[in-house]
Every structure is written in structure tokens, then in C-alpha cells.
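Here's the structure, in C-alpha cells; my notes come after.
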Amino acid sequence: MTTIFAEMSALAVEHGAINLGQGFPDTDGPESMLEAARRAITDGHNQYPPGIGVPELRHAVARHQREQYGLDYDPDREVLVTVGATEAIAGAVVGLIEPGDEIIMIEPYYDAYAATAAMAGGVRRVVPLIPDGDGFRLDRERLADAFGPKSAVFMLNTPHNPTGTVLSDDDLAEIARLCIEFDVIVVADEVYEHLLFDGRTHTPIATLPGMKERTLRISSAAKTFNCTGWKVGWISGPPELIAATKTAKQYMSYVGSGPFQPAVAHALDNELGWVRASAAALQNKRDMITAALLDAGFDVHRSEATYFVCADPRPLGVDDGIEFCRSLPERIGVAAVPVSVFADDRQPWHHLIRFAFAKRDDVIADAAERLRKL
Ligand code: PMP
Ligand code: GLN
């Protein structure tokens, strides 16, 4: 079995298609970060770093959260460096869940949530997003129904992959209320925390009253600094939850890779201007791809953040998103991913497809031209 990202990327390669399926940027992060990694290699940072991550990075992560959100974490006991957000998710879920515990997640969900819940013997409960105008919102009735005596973890993802939705403050407050009432730990995947559009701002759930002590916050250099191949992520939270995550993590990867960690620390401290410019450029790319999809005849859902936009091909007479995505690379030379594979109840998502737009403007323009030929 392969992930949908691997399947669609392979089809893109086979047909020489523009890959708007798997989400990764086609330009590098800030030059000073790349230079810091080269320097770290030359300076001999090439052996196992400390298991919890190099001190420079843990301190930079703590500083960053204090400056951005007023969240105070002790870099020695409350921050753990991981092999991307993926390992932070796996470590937290495996570290916190006992077989039979319930883990609540928003549907559609990022594929790693379901896989790691299954590895840990957890039972998945889903809370769907529902269409709301041209965007999505959380189904509040289903949210309340998802909580019960076996609830252990709420896997939160905002900004949300694959829809590009930013959960409202009101939804966050309700999730927080329920997690406190049912004594549930929140694992908050906030990897798109800096990629918001149209003046929107990101609210970490850990900033809500009573939540910091029950939240593990995850982020990653992959999205913020265009370095998906470096696999540098981190997780922050109360010492006992970090300790549980670390216990699992140390038998997954033992440690993360050494020379990239000081480079990411440098970027967190010095390159937030680059990140702001990158988010502004992404907003423009979103507008380009949205216009092309509308011209091609799709209905398009509003993308508020991330580098994903979801399109509905039913006006084109197509209602099977999986088959459509399998045919697109050969038909027009563009790859996308179907959203229904990220859902337990596939029916409401059957038609929907996701395009990733973190690509150079000329690549987006080329993809736009191909889409308009549909
Ligand atoms: N969570 C979400 C919501 C993601 O979209 C991704 C990657 N696209 C990850 C986690 C994984 O992040 P990383 O590459 O840092 O492991
Ligand atoms: N997170 C990326 C996406 O959503 C892909 C990562 C992966 O291939 N697992 O497209």
C-alpha cells in the first residue's frame, strides 16, 4: 500500500505532469539558512546531536513562541526536536494513547493521523467539516457527540490540510471547553501557522485559558522555510507530555539529523521577514490558481491558509475525484490529489480534489493554461 501522495507523484513523473498533488514548494528557503546548514557541515556538526535536539534550536523554538504568541516554554524540558512534524505526531500519539483509547480528529484528516492512531491501537472518532458558503466550518453537533469517557486525544489541525480552512475562535473555544470537560489532551498540528492569507491571524489553542497544560503544539521548518527534505520539526508542551512523546520518539529515530538543526534555529531567529514575504507570494499564487480553476469550470472552495485549495469538478460533469485525479496527469499534464481518501465517510468528499500551489509563478501559469483546456 502506498500513500496517495506517492501514487499521484508517481503518475506525475510518468506523464511529465506538473505536480500540484503532493504538497511541497519548488523553491528553496532563505539563503542565510542554506548557508548556515553548509557551515554546520563544514564545522563538523555531523555526529548524533542530543536526543531532544540541539540547544540552539530548542531555545530558538521557545523564543519564537514567546515572541509570536506569548507562550512560555522551557527549552530544556518543554521542547522536543523531531524528524519533521510527522515524527512529532507519531511520538505524541504513540506516547499518549493506550489501546482502546479514542482519538478525535477533524475530517478530512491528514493521512498520518489515522495511520499513527492505528499503530497505537487507538480508536478514531471523526468530526467533519461541512460546507459553509464557499468555505468550510466544523460540524458543532458532531463535535459534541465525539466526546465521551474513552476520549484521550483531540488531534487538532488548523490551518487545515487539505481544505485550507482556519478554524474560527469560536470553534477553538468550544474544542477547548470540551477537552477540559472530558480531560482530553490536544495534539495541535500547526505546521501552517505562518501561511495565512487576507490578513488572517493564527491562534494556537494553547493560548486559550486552561489549555497550555493539556496541549502539545507541533510545527515544522518544512512549511515555514520551504525545506520539506530537511525533516526538522518540533513539539512543545508540559514536561510530562513531552517526556511521553520523547519515550516513543527515541525508538523511532533516536535523534534528528544534526547540521540542519542550527540552520533552522538561525532561520527562526532571523528570517521571519522572508516568511512574511513568502506567505504574501503564496496568497498571490492562490489567486492565480483559483482564477484558472474557475475559468476551467470548477467550483472552488475558499482557501484561507496553507498552500492548498480544494475544487469541485461536478460542474464539469465529474463526480469521482479519485478517478479524475488518476486521469488528469495523462489528460492535461497536471496532478492533484482526491480529498475523499482523507475521510472515513467518503461520500461527502467523493468529488473533491486538492491542488497544491507552492510553485513558481511560471509553473502556476503553465498549470493554469493546461487546466483551462479541460
Ligand atoms: N501535518 C500536516 C497537516 C502536513 O500537511 C504535513 C506535511 N505536508 C505534515 C504534518 C508533515 O510535516 P513534516 O514534513 O514536517 O513531517
Ligand atoms: N504533507 C504533504 C501534503 O499534504 C505531503 C507529505 C507526504 O507526502 N506525506 O501534500
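A note on labels: chains of the C-alpha cells are A, B, ... as shown, every chain counts residues from 1, and ligands are counted from 1 in their shown order.
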
Could I get the residue neighbourhood of ligand 1 at 7 Å, counting only C-alpha atoms and all ligand atoms, as a ChimeraX atom specification? /A:23,83-87,110,157,160-161,189,191,220-222,228,231-233

Give me a file of those residues, with N, CA and C atoms, as a PDB file, in the first residue's frame.
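Ended up saving to out_9.pdb:
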```pdb
ATOM      1  N   GLY A  23       2.113  18.111  -1.550  1.00  0.00           N
ATOM      2  CA  GLY A  23       2.405  19.495  -1.182  1.00  0.00           C
ATOM      3  C   GLY A  23       3.862  19.708  -0.826  1.00  0.00           C
ATOM      4  N   VAL A  83      11.829  14.484  13.900  1.00  0.00           N
ATOM      5  CA  VAL A  83      12.101  14.297  12.467  1.00  0.00           C
ATOM      6  C   VAL A  83      10.833  14.729  11.711  1.00  0.00           C
ATOM      7  N   GLY A  84      10.738  16.012  11.487  1.00  0.00           N
ATOM      8  CA  GLY A  84       9.544  16.597  10.872  1.00  0.00           C
ATOM      9  C   GLY A  84       8.371  16.579  11.837  1.00  0.00           C
ATOM     10  N   ALA A  85       7.290  17.227  11.410  1.00  0.00           N
ATOM     11  CA  ALA A  85       6.060  17.157  12.203  1.00  0.00           C
ATOM     12  C   ALA A  85       5.550  15.724  12.240  1.00  0.00           C
ATOM     13  N   THR A  86       5.881  14.956  11.221  1.00  0.00           N
ATOM     14  CA  THR A  86       5.391  13.568  11.139  1.00  0.00           C
ATOM     15  C   THR A  86       5.810  12.773  12.370  1.00  0.00           C
ATOM     16  N   GLU A  87       7.074  12.910  12.771  1.00  0.00           N
ATOM     17  CA  GLU A  87       7.505  12.151  13.949  1.00  0.00           C
ATOM     18  C   GLU A  87       6.927  12.734  15.236  1.00  0.00           C
ATOM     19  N   TYR A 110      -5.366  14.658   7.909  1.00  0.00           N
ATOM     20  CA  TYR A 110      -4.062  14.363   7.310  1.00  0.00           C
ATOM     21  C   TYR A 110      -3.776  12.867   7.504  1.00  0.00           C
ATOM     22  N   ASN A 157      -6.022  20.274  13.787  1.00  0.00           N
ATOM     23  CA  ASN A 157      -5.196  20.765  12.682  1.00  0.00           C
ATOM     24  C   ASN A 157      -5.803  22.059  12.142  1.00  0.00           C
ATOM     25  N   HIS A 160      -5.870  24.138   8.217  1.00  0.00           N
ATOM     26  CA  HIS A 160      -6.220  22.750   7.945  1.00  0.00           C
ATOM     27  C   HIS A 160      -5.795  22.275   6.554  1.00  0.00           C
ATOM     28  N   ASN A 161      -5.110  21.146   6.562  1.00  0.00           N
ATOM     29  CA  ASN A 161      -4.802  20.410   5.332  1.00  0.00           C
ATOM     30  C   ASN A 161      -5.806  19.265   5.263  1.00  0.00           C
ATOM     31  N   ASP A 189      -1.584  20.239  15.544  1.00  0.00           N
ATOM     32  CA  ASP A 189      -0.693  20.277  14.379  1.00  0.00           C
ATOM     33  C   ASP A 189      -0.860  21.642  13.723  1.00  0.00           C
ATOM     34  N   VAL A 191       1.443  23.194  11.604  1.00  0.00           N
ATOM     35  CA  VAL A 191       2.572  23.361  10.678  1.00  0.00           C
ATOM     36  C   VAL A 191       2.366  24.524   9.699  1.00  0.00           C
ATOM     37  N   SER A 220       6.833  22.793  12.128  1.00  0.00           N
ATOM     38  CA  SER A 220       7.880  22.197  11.296  1.00  0.00           C
ATOM     39  C   SER A 220       8.539  23.261  10.430  1.00  0.00           C
ATOM     40  N   ALA A 221       9.844  23.119  10.246  1.00  0.00           N
ATOM     41  CA  ALA A 221      10.547  24.024   9.326  1.00  0.00           C
ATOM     42  C   ALA A 221      10.131  23.767   7.887  1.00  0.00           C
ATOM     43  N   ALA A 222       9.612  22.572   7.613  1.00  0.00           N
ATOM     44  CA  ALA A 222       9.270  22.185   6.239  1.00  0.00           C
ATOM     45  C   ALA A 222       8.408  23.231   5.565  1.00  0.00           C
ATOM     46  N   THR A 228      11.112  20.894   2.982  1.00  0.00           N
ATOM     47  CA  THR A 228      10.431  19.629   3.329  1.00  0.00           C
ATOM     48  C   THR A 228      11.420  18.467   3.408  1.00  0.00           C
ATOM     49  N   LYS A 231      13.404  17.635   7.101  1.00  0.00           N
ATOM     50  CA  LYS A 231      12.736  16.890   8.168  1.00  0.00           C
ATOM     51  C   LYS A 231      13.138  17.388   9.559  1.00  0.00           C
ATOM     52  N   VAL A 232      12.950  18.679   9.767  1.00  0.00           N
ATOM     53  CA  VAL A 232      13.156  19.246  11.102  1.00  0.00           C
ATOM     54  C   VAL A 232      11.813  19.791  11.603  1.00  0.00           C
ATOM     55  N   GLY A 233      11.306  19.154  12.655  1.00  0.00           N
ATOM     56  CA  GLY A 233      10.070  19.620  13.274  1.00  0.00           C
ATOM     57  C   GLY A 233      10.279  19.743  14.771  1.00  0.00           C
TER      58      GLY A 233
END
```

Practice item. From range 91-251 of chain A, collect each residue whose DSSP state is helix (DSSP H, G or I) and return the set as a PyMOL selection string. Key: chain A and resi 91-96+111-119+140-146+169-181+205-207+212-214+221-224+239-249

Would you pick out the contacts of range 73-77 of chain A at 12 Å or less, using only C-alpha atoms, so that residues sharing its chain but fewer than 5 positions from it are not included, and give the list as number ranges by chain?
A: 50-67, 206, 212-213, 215-217, 234-246

Keeping C-alpha atoms for every residue in the selection just given, could you write it to a file as a short mmCIF file (atom, residue, chain, number, x, y, z; two decimals), in the first residue's frame?
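again16.cif was written with the following content:
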```cif
data_model
loop_
_atom_site.label_atom_id
_atom_site.label_comp_id
_atom_site.auth_asym_id
_atom_site.auth_seq_id
_atom_site.Cartn_x
_atom_site.Cartn_y
_atom_site.Cartn_z
CA PRO A 50 21.36 15.35 21.54
CA GLY A 51 18.19 13.22 21.51
CA ILE A 52 15.97 16.17 22.41
CA GLY A 53 17.57 18.40 19.75
CA VAL A 54 20.46 20.87 19.73
CA PRO A 55 20.16 23.62 22.38
CA GLU A 56 20.26 26.46 19.79
CA LEU A 57 17.15 25.11 18.10
CA ARG A 58 15.23 24.37 21.30
CA HIS A 59 15.97 27.89 22.54
CA ALA A 60 15.01 29.43 19.18
CA VAL A 61 11.73 27.46 19.17
CA ALA A 62 10.93 28.65 22.71
CA ARG A 63 11.85 32.26 21.85
CA HIS A 64 9.75 32.14 18.70
CA GLN A 65 6.62 31.02 20.55
CA ARG A 66 7.12 33.62 23.27
CA GLU A 67 7.52 36.41 20.71
CA ALA A 206 -2.56 26.57 23.82
CA LYS A 212 -1.45 25.20 27.72
CA GLU A 213 -1.23 22.49 30.37
CA THR A 215 -1.76 20.85 24.72
CA LEU A 216 1.16 19.57 22.68
CA ARG A 217 1.89 22.10 19.91
CA TRP A 234 9.33 20.26 16.93
CA ILE A 235 6.76 19.76 19.63
CA SER A 236 6.19 21.90 22.72
CA GLY A 237 4.11 21.26 25.83
CA PRO A 238 4.11 20.39 29.52
CA PRO A 239 7.13 18.34 30.71
CA GLU A 240 5.19 15.12 31.37
CA LEU A 241 3.59 15.13 27.89
CA ILE A 242 6.93 15.93 26.23
CA ALA A 243 8.54 13.10 28.24
CA ALA A 244 5.89 10.64 26.97
CA THR A 245 6.47 11.80 23.39
CA LYS A 246 10.24 11.52 23.80
#
```

Could you check the closest approach to Thr224 in chain A for each of A:Val264, A:Val127, A:Val186, A:Val275 and tell me which residue wins, using only C-alpha atoms?
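Between A:Val264, A:Val127, A:Val186, A:Val275, the residue approaching Thr224 in chain A most closely is A:Val275.
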
Nearby polymer residues, ligand 2, at most 12 Å, only C-alpha atoms and all ligand atoms, as a PyMOL selection string: chain A and resi 2-10+19-25+84-87+108-113+115+160-164+189+191-192+220+222-223+228-229+231+306-309+335-339+341-342+354-358

Selection: 12 Å around Gly95 in chain A, only C-alpha atoms, excl. self and same-chain fewer than 4 positions, as JSON, numbers by chain: {"A": [87, 88, 89, 90, 91, 99, 116, 117, 119, 120, 121, 122, 152, 153, 185, 187, 216, 240, 241, 242, 243, 244, 245, 246, 247, 248, 249, 250, 251, 252]}
